[in-house]
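Right, one structure below, let's go through it.
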Amino acid sequence: MVEVPMVEAHAPGPDVVARAAALRDELASHRDEGERERRLPDAAVEALEGAGLFHAWVPRRFGGAELSLRTMVDATVEVTKGDASAGWLVMILGCGDWLTGLFPDKAQQEVFGPDPDTKVCQVLAPKGTARRVEGGWLVSGRWAPASGCLHAEWAMVGVSLPAEGAAFVLVPMRDLTVEDTWFTLGMRATGSNMLVGEDVFVPDHRVVLRGPATRGEFPTTENDSPRFRAALVPTLATFLIAPMLGMAERALEHVVGQAGRRGIAFTSYQHQLDSTGFQVAVAEAATKVDVARLVAHGSADAVDGHAHAGTHPGLLERARLRQRSSHAVQQCREAVDLLVNAYGAAALSERDPLHAVVRDIQTASRHALAHPPSNAEVFGRALLGVDPGITEMV
């Protein structure tokens, strides 16, 4: 089992969760525009900024809130109920702020000093190359999908350094170009296009090695709060559950809300809610949603519990948390499948809200960090004491 140190694992954040929930109708009203333009509308971005959702994981010394992981999960769930793409960007750009807070102080000052509301998108897979020069590196590559890049001033991208291995580097967006490549089934308004860079100079203070970071070996910084002692991959993996959970809860709300108005074709049922089969399907879906939320809360408390205690989870615990995240994501997608089957073919009509949920969750739940076979293999290897050398991202 994952052992949570006996500390206050999460700070209360009811205000930001309530503010996120209050945005639901407004975000939903901008959804069609976002789908057409394949980017989050400026009005939606401004609403999220006004609620403090793009500032929640900026270091406190730059004016950020440093909210708990559990609070951020709950707030992102509420945002996602209004617009899945908006929820996704709250997660992605929030992680960009948090990861930047793990870099040396000089890098943080460059990013947040001029404007604490600066947004940082990321593509962490080492899709770039680097060549050593005096004072840093010349970085080249093509990185995608870069969710939020159309709203970001900085990008954090993965590169492979000769001898040192994989690393994360911070690059101003002005040093990169954006190729319009994001044509997808769902999550269209995330604007997750391709970033391209050629011989971009990155000074040494804007480089963090991936391997040590996954083991909790971060540069020494002025960020002395528990938020910036949290385990890297467990934080990312746990936060990934939030938008999936928001989509599944949105689907459940809709199906339950319509059950007294819709019948079941070719049966005597005038109302779906009178059907035993429908009742069972809804119950199974709701249970999967409940499991996903329990996993998200339990994992968030474990991650933040270690951070508050000043400890770092071992390999087995980190592998277990990544596996739990994958399982929770699967539970959310399966819940939506159950609800669509129970609801009927109308779910696939563009006029029905379920249509958007189906497309979005089918797209979002394929994120590499939620890949079921890989996560199961990493966890199984860790359980059996076999070298889990297939990835550092544990």
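Chain lettering (A, B, ...) mirrors the order of the structure tokens, residue numbering begins at 1 for each chain separately, and ligand numbering begins at 1 in order of display.
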
At a cut-off of 7 Å, using only C-alpha atoms, what residues contact A:Arg188? Leave out same-chain residues fewer than 2 positions from it and give the result as a list of chain:residue names.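 Near A:Arg188, the qualifying residues are A:Glu35, A:Arg38, A:Arg39, A:Thr184, A:Gly186, A:Thr190, A:Gly191.
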
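Once A:Asp175 and its same-chain neighbours fewer than 4 positions away are set aside, A:Leu138, A:Val139, A:Ser140, A:Glu153, A:Trp154, A:Ala155, A:Leu170, A:Val171, A:Leu195, A:Val196, A:Gly197, A:Glu198, A:Asp199, A:Val200, A:Phe201, A:Val202 remain within 12 Å of it when counting only C-alpha atoms.
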
For A:Val357, please output as a PDB file with N, CA and C atoms, in the first residue's frame all residues within 9 Å (counting only C-alpha atoms; exclusion window: fewer than 6 positions along the same chain).
ATOM      1  N   ALA A  84     -13.905  20.709 -21.401  1.00  0.00           N
ATOM      2  CA  ALA A  84     -12.804  19.791 -21.172  1.00  0.00           C
ATOM      3  C   ALA A  84     -11.469  20.405 -21.574  1.00  0.00           C
ATOM      4  N   GLY A 186     -10.934  15.017 -30.597  1.00  0.00           N
ATOM      5  CA  GLY A 186     -11.424  15.757 -29.439  1.00  0.00           C
ATOM      6  C   GLY A 186     -10.365  16.673 -28.861  1.00  0.00           C
ATOM      7  N   MET A 247     -14.803  14.973 -16.964  1.00  0.00           N
ATOM      8  CA  MET A 247     -15.601  14.534 -18.118  1.00  0.00           C
ATOM      9  C   MET A 247     -16.565  13.419 -17.724  1.00  0.00           C
ATOM     10  N   ALA A 248     -16.094  12.458 -16.935  1.00  0.00           N
ATOM     11  CA  ALA A 248     -16.958  11.355 -16.522  1.00  0.00           C
ATOM     12  C   ALA A 248     -18.095  11.845 -15.638  1.00  0.00           C
ATOM     13  N   ARG A 250     -19.394  14.829 -15.687  1.00  0.00           N
ATOM     14  CA  ARG A 250     -20.304  15.579 -16.559  1.00  0.00           C
ATOM     15  C   ARG A 250     -21.238  14.625 -17.301  1.00  0.00           C
ATOM     16  N   ALA A 251     -20.700  13.536 -17.819  1.00  0.00           N
ATOM     17  CA  ALA A 251     -21.520  12.556 -18.531  1.00  0.00           C
ATOM     18  C   ALA A 251     -22.561  11.943 -17.598  1.00  0.00           C
ATOM     19  N   VAL A 336     -17.854   6.442 -19.021  1.00  0.00           N
ATOM     20  CA  VAL A 336     -18.494   7.141 -20.136  1.00  0.00           C
ATOM     21  C   VAL A 336     -19.033   6.140 -21.152  1.00  0.00           C
TER      22      VAL A 336
END

Could you pull out all residues of stretch 93-172 of chain A with a DSSP call of helix (DSSP H, G or I) and give them as a ChimeraX atom specification? /A:93-100,105-112,149-151

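Nearest residue to A:Ser365, choosing from A:Ser275, A:Gln330, A:Asn341, A:Thr391 and counting only C-alpha atoms: A:Gln330.
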
Show me a table, sorted first by chain and then by increasing residue number, of the residues of stretch 135-219 of chain A having an atom at most 12 Å from stretch 47-68 of chain A, each with its shortest atom pair and the distance in Å to one decimal, counting only C-alpha atoms and written as a Markdown table.
| residue | atom | partner | partner_atom | distance |
| --- | --- | --- | --- | --- |
| A:Gly148 | CA | A:Phe54 | CA | 11.4 |
| A:His151 | CA | A:Phe54 | CA | 11.1 |
| A:Ala152 | CA | A:Phe54 | CA | 11.0 |

Here is a test: counting only C-alpha atoms, which residue of A:Gln272, A:Pro203, A:Asn193, A:His30 is nearest to A:Arg131?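 Once distances to A:Arg131 are computed over only C-alpha atoms, the minimum belongs to A:Pro203.
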
Residues near A:Glu217, anyone? I mean within 12 Å using only C-alpha atoms, not counting same-chain ones fewer than 2 positions away, as a list in words.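 That gives Leu102, Phe103, Val208, Leu209, Arg210, Gly211, Pro212, Ala213, Thr214, Arg215, Pro219, Thr220, Thr221, Phe228, Arg229, Ala230, Ala231, Leu232, Thr311 and His312 of chain A.
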
Which polymer residues have any atom within 8 Å of an atom of stretch 284-292 of chain A, counting only C-alpha atoms, with same-chain residues fewer than 3 positions away left out, as a PyMOL selection string? chain A and resi 241+245+248-249+252+280-281+295-296+327-329+331-332+334-336+338-339

Please extract the residues of stretch 92-296 of chain A with a backbone DSSP assignment of strand (DSSP E) and present them as number ranges by chain. A: 120-133, 136-146, 154-161, 165-172, 177-179, 193-203, 207-209

Identify which of the residues A:Ser299, A:Ser160, A:Gln323, A:Ser349 lies closest to A:Thr129, counting only C-alpha atoms when measuring atom-to-atom distances. A:Ser160

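Comparing A:Ser147, A:Ala283, A:Gly305, A:Phe218 by their smallest distance to A:Ile92, the closest is A:Ser147 (using only C-alpha atoms).
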
Would you please work out which residue, of A:Ala125, A:Ala107, A:Ala189, A:Ala130, is nearest to A:Arg36 when using only C-alpha atoms? A:Ala189

Quick one: residues within 12 Å of A:Ala28, only C-alpha atoms counted, chain neighbours fewer than 5 positions away excluded, as a list in words?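 Once the nearby chain positions are removed, what remains is Ala21, Ala22, Leu23, Glu33, Gly34, Glu35, Leu40, Pro41, Ala43, Ala44, Ala47, Glu78, Val79, Thr80, Lys81, Gly82, Asp83, Ala84, Ser85, Ala86, Gly87, Arg250, Pro353 and Ala356 of chain A.
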
Atom CA of A:Leu69 and atom CA of A:Val16, how far apart in Å?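 Spanning atom CA of A:Val16 to atom CA of A:Leu69 is a straight-line distance of 12.5 Å.
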
How many Å lie between atom CA of A:Val159 and atom CA of A:Trp88, rounded to one decimal?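 It comes out at 23.7 Å.
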
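Proximity of A:Asp15, A:Glu164, A:Asp360, A:Glu317 to A:Asp74, computed with only C-alpha atoms, is greatest for A:Asp15.
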
Env of A:Asp105: 10 Å cut, atoms = only C-alpha atoms, seq-sep filter 5 positions within chain, self excluded. Answer as a ChimeraX atom specification. /A:100,110-111,205-206,219-223
